[in-house]
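**Student:** First the structure, which I've put down as structure tokens, then a few questions once you've had a look.
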Amino acid sequence: MQINGACHCGAVSFTAEIDPARVVLCHCTDCQVMSGSAFRMVVLAPIETFAVRGETKRYVKVAQSGNRRAQVFCPECGTPLYATAPENPTSVSIRLGCVDERAQLRPAAQIWQRSAMPWLSEMQAIPGSPEQGALLPVR
């Protein structure tokens, strides 16, 4: 499947060819912190199918797994775009939050479930709104 993505400000965009069956939802604490959310969804793409336009910045860190990973983001707006091996990458792990086709990409697996937020299974019971809406009472 061909996917397209971009950062929030549009300074960086990319295309890639992915296998939709390789979408992973990660609950590790690194993904929680770096996404600012309870988890992060990613999909792997072979490096030869990945094309990026625009200047990026990267930060190399040691992941919770012990692997060194280059975290790549837009230097203008800070949108996390993908991660890859810092040297001689063979694939990229694309952050689905910046992928146009993300609604079509259902997770095939979850990893680091021991770090998952305990309330995730209760999401359907939490009141919601189709837009921002003021749901919480003012105190």
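Each chain in the structure tokens gets a letter, A, B, ..., in the order shown, and its residues are numbered from 1; ligands are numbered from 1 in order too.
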Per residue of region 6-104 of chain A within 7 Å of region 108-116 of chain A, which atom pair is closest and at what distance in Å (one decimal), using only C-alpha atoms, listed by chain and increasing number, as a Markdown table?
**Tutor:**
```
| residue | atom | partner | partner_atom | distance |
| --- | --- | --- | --- | --- |
| A:Ala21 | CA | A:Ala108 | CA | 5.9 |
| A:Arg22 | CA | A:Ala108 | CA | 6.3 |
| A:Val23 | CA | A:Ala108 | CA | 5.5 |
| A:Val24 | CA | A:Ala109 | CA | 5.0 |
| A:Leu25 | CA | A:Gln110 | CA | 4.7 |
| A:Cys26 | CA | A:Ile111 | CA | 5.0 |
| A:His27 | CA | A:Ala116 | CA | 5.0 |
| A:Cys28 | CA | A:Trp112 | CA | 5.1 |
| A:Thr29 | CA | A:Ser115 | CA | 6.4 |
```
**Student:** Do you know which residues are at most 10 Å from region 7-20 of chain A counting only C-alpha atoms, after dropping those on the same chain fewer than 2 positions away, and could you put them as a ChimeraX atom specification?
**Tutor:** /A:1-5,22-24,43-56,73-81,92,94,97-99,104-108
**Student:** Those residues with C-alpha atoms, as a PDB file, in the first residue's frame please?
**Tutor:**
```pdb
ATOM      1  CA  MET A   1       0.000   0.000   0.000  1.00  0.00           C
ATOM      2  CA  GLN A   2       1.286   3.460  -0.886  1.00  0.00           C
ATOM      3  CA  ILE A   3       1.101   5.959   2.000  1.00  0.00           C
ATOM      4  CA  ASN A   4       1.678   9.709   2.196  1.00  0.00           C
ATOM      5  CA  GLY A   5       2.515  11.742   5.239  1.00  0.00           C
ATOM      6  CA  ARG A  22       2.723  -4.750   9.731  1.00  0.00           C
ATOM      7  CA  VAL A  23       1.038  -2.009  11.782  1.00  0.00           C
ATOM      8  CA  VAL A  24       2.088  -2.187  15.439  1.00  0.00           C
ATOM      9  CA  VAL A  43       4.333   0.755  10.468  1.00  0.00           C
ATOM     10  CA  LEU A  44       7.562  -0.503   8.952  1.00  0.00           C
ATOM     11  CA  ALA A  45       8.605   0.449   5.434  1.00  0.00           C
ATOM     12  CA  PRO A  46      11.660  -0.798   3.545  1.00  0.00           C
ATOM     13  CA  ILE A  47      14.162   2.045   3.182  1.00  0.00           C
ATOM     14  CA  GLU A  48      14.151   1.720  -0.623  1.00  0.00           C
ATOM     15  CA  THR A  49      10.418   2.559  -0.767  1.00  0.00           C
ATOM     16  CA  PHE A  50      10.701   5.588   1.530  1.00  0.00           C
ATOM     17  CA  ALA A  51      11.167   9.098   0.100  1.00  0.00           C
ATOM     18  CA  VAL A  52      11.282  12.208   2.295  1.00  0.00           C
ATOM     19  CA  ARG A  53      11.125  15.841   1.167  1.00  0.00           C
ATOM     20  CA  GLY A  54      12.267  18.681   3.386  1.00  0.00           C
ATOM     21  CA  GLU A  55      14.841  19.121   6.134  1.00  0.00           C
ATOM     22  CA  THR A  56      14.577  16.851   9.170  1.00  0.00           C
ATOM     23  CA  PHE A  73      11.187  14.850  13.407  1.00  0.00           C
ATOM     24  CA  CYS A  74      10.412  18.191  11.777  1.00  0.00           C
ATOM     25  CA  PRO A  75      12.794  20.862  13.117  1.00  0.00           C
ATOM     26  CA  GLU A  76      10.125  23.536  12.597  1.00  0.00           C
ATOM     27  CA  CYS A  77       7.006  22.115  14.290  1.00  0.00           C
ATOM     28  CA  GLY A  78       8.464  19.103  16.141  1.00  0.00           C
ATOM     29  CA  THR A  79       6.161  16.459  14.610  1.00  0.00           C
ATOM     30  CA  PRO A  80       7.619  12.958  15.150  1.00  0.00           C
ATOM     31  CA  LEU A  81       7.917  11.380  11.678  1.00  0.00           C
ATOM     32  CA  VAL A  92      11.952   3.046   8.746  1.00  0.00           C
ATOM     33  CA  ILE A  94       6.794   5.458  10.383  1.00  0.00           C
ATOM     34  CA  GLY A  97      -0.066  10.089  13.463  1.00  0.00           C
ATOM     35  CA  CYS A  98       1.385  11.935  10.457  1.00  0.00           C
ATOM     36  CA  VAL A  99       0.156   9.491   7.776  1.00  0.00           C
ATOM     37  CA  GLN A 104      -7.216   2.587   7.083  1.00  0.00           C
ATOM     38  CA  LEU A 105      -4.330   1.131   9.098  1.00  0.00           C
ATOM     39  CA  ARG A 106      -5.574  -1.052  11.940  1.00  0.00           C
ATOM     40  CA  PRO A 107      -2.987  -2.473  14.360  1.00  0.00           C
ATOM     41  CA  ALA A 108      -2.027  -6.092  13.703  1.00  0.00           C
TER      42      ALA A 108
END
```
**Student:** What does the distance from CA of Cys31 (chain A) to CA of Asn67 (chain A) come to in Å, to one decimal?
**Tutor:**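 Distance between the two atoms: 13.7 Å.
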**Student:** Write down as a list in words the residues belonging to chain A that are assigned helix (DSSP H, G or I) by DSSP computed on the backbone.
**Tutor:**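 Of chain A, only Pro20, Ala21, Arg22, Thr29, Asp30, Cys31, Gln32, Val33, Met34, Ser35, Ile47, Glu48, Thr49, Leu96, Gly97, Cys98, Arg102, Ala103, Gln104, Gln113, Arg114, Ser115, Leu120, Ser121, Glu122, Met123, Gln124 and Ala125 of chain A fall in helix (DSSP H, G or I).
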**Student:** Can you work out the spacing between CA of Glu122 (chain A) and CA of Ser65 (chain A) in Å, to one decimal?
**Tutor:**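 Here the two named atoms are 27.8 Å from each other.
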**Student:** Calculate how many Å separate CA of Arg68 (chain A) from CA of Arg102 (chain A), rounding to one decimal.
**Tutor:**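 Computed distance, CA of Arg68 (chain A) to CA of Arg102 (chain A), equals 26.2 Å.
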**Student:** Tell me, which residues of chain A carry DSSP strand (DSSP E or B), written as a PyMOL selection string?
**Tutor:** chain A and resi 2-6+13-17+23-26+40-46+51-53+57-62+68-73+80-84+91-95+99+109-111
**Student:** Export C-alpha atoms of the chosen residues as an mmCIF file, in the first residue's frame?
**Tutor:**
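The file below, again11.cif, is the result:
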```cif
data_model
loop_
_atom_site.group_PDB
_atom_site.id
_atom_site.type_symbol
_atom_site.label_atom_id
_atom_site.label_comp_id
_atom_site.auth_asym_id
_atom_site.auth_seq_id
_atom_site.Cartn_x
_atom_site.Cartn_y
_atom_site.Cartn_z
ATOM 1 C CA GLN A 2 1.286 3.460 -0.886
ATOM 2 C CA ILE A 3 1.101 5.959 2.000
ATOM 3 C CA ASN A 4 1.678 9.709 2.196
ATOM 4 C CA GLY A 5 2.515 11.742 5.239
ATOM 5 C CA ALA A 6 3.630 15.136 6.436
ATOM 6 C CA SER A 13 6.511 15.260 3.673
ATOM 7 C CA PHE A 14 7.111 11.659 2.683
ATOM 8 C CA THR A 15 5.823 8.668 0.746
ATOM 9 C CA ALA A 16 6.392 4.969 1.390
ATOM 10 C CA GLU A 17 5.229 1.549 0.349
ATOM 11 C CA VAL A 23 1.038 -2.009 11.782
ATOM 12 C CA VAL A 24 2.088 -2.187 15.439
ATOM 13 C CA LEU A 25 0.714 -0.429 18.504
ATOM 14 C CA CYS A 26 3.495 0.149 21.060
ATOM 15 C CA ARG A 40 2.157 5.104 19.579
ATOM 16 C CA MET A 41 1.244 3.347 16.331
ATOM 17 C CA VAL A 42 3.905 2.617 13.729
ATOM 18 C CA VAL A 43 4.333 0.755 10.468
ATOM 19 C CA LEU A 44 7.562 -0.503 8.952
ATOM 20 C CA ALA A 45 8.605 0.449 5.434
ATOM 21 C CA PRO A 46 11.660 -0.798 3.545
ATOM 22 C CA ALA A 51 11.167 9.098 0.100
ATOM 23 C CA VAL A 52 11.282 12.208 2.295
ATOM 24 C CA ARG A 53 11.125 15.841 1.167
ATOM 25 C CA LYS A 57 16.336 16.684 12.493
ATOM 26 C CA ARG A 58 17.166 13.539 14.421
ATOM 27 C CA TYR A 59 17.849 12.485 17.962
ATOM 28 C CA VAL A 60 19.612 9.158 18.653
ATOM 29 C CA LYS A 61 18.591 7.396 21.840
ATOM 30 C CA VAL A 62 18.742 3.972 23.410
ATOM 31 C CA ARG A 68 19.848 2.539 19.396
ATOM 32 C CA ARG A 69 17.235 4.374 17.327
ATOM 33 C CA ALA A 70 17.346 7.651 15.435
ATOM 34 C CA GLN A 71 14.109 9.523 16.184
ATOM 35 C CA VAL A 72 13.419 11.788 13.185
ATOM 36 C CA PHE A 73 11.187 14.850 13.407
ATOM 37 C CA PRO A 80 7.619 12.958 15.150
ATOM 38 C CA LEU A 81 7.917 11.380 11.678
ATOM 39 C CA TYR A 82 9.786 8.093 11.886
ATOM 40 C CA ALA A 83 12.563 6.140 13.590
ATOM 41 C CA THR A 84 15.347 4.123 12.048
ATOM 42 C CA SER A 91 13.789 0.150 7.138
ATOM 43 C CA VAL A 92 11.952 3.046 8.746
ATOM 44 C CA SER A 93 9.337 2.844 11.472
ATOM 45 C CA ILE A 94 6.794 5.458 10.383
ATOM 46 C CA ARG A 95 4.690 7.226 13.027
ATOM 47 C CA VAL A 99 0.156 9.491 7.776
ATOM 48 C CA ALA A 109 -0.105 -6.444 16.976
ATOM 49 C CA GLN A 110 0.573 -4.723 20.300
ATOM 50 C CA ILE A 111 3.955 -4.700 22.021
#
```
**Student:** For Ser37 (chain A), which of A:Gly66, A:Asn88, A:Met117, A:Leu96 is the closest residue, counting only C-alpha atoms?
**Tutor:**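 Ranked by minimum distance to Ser37 (chain A), first place goes to A:Met117.
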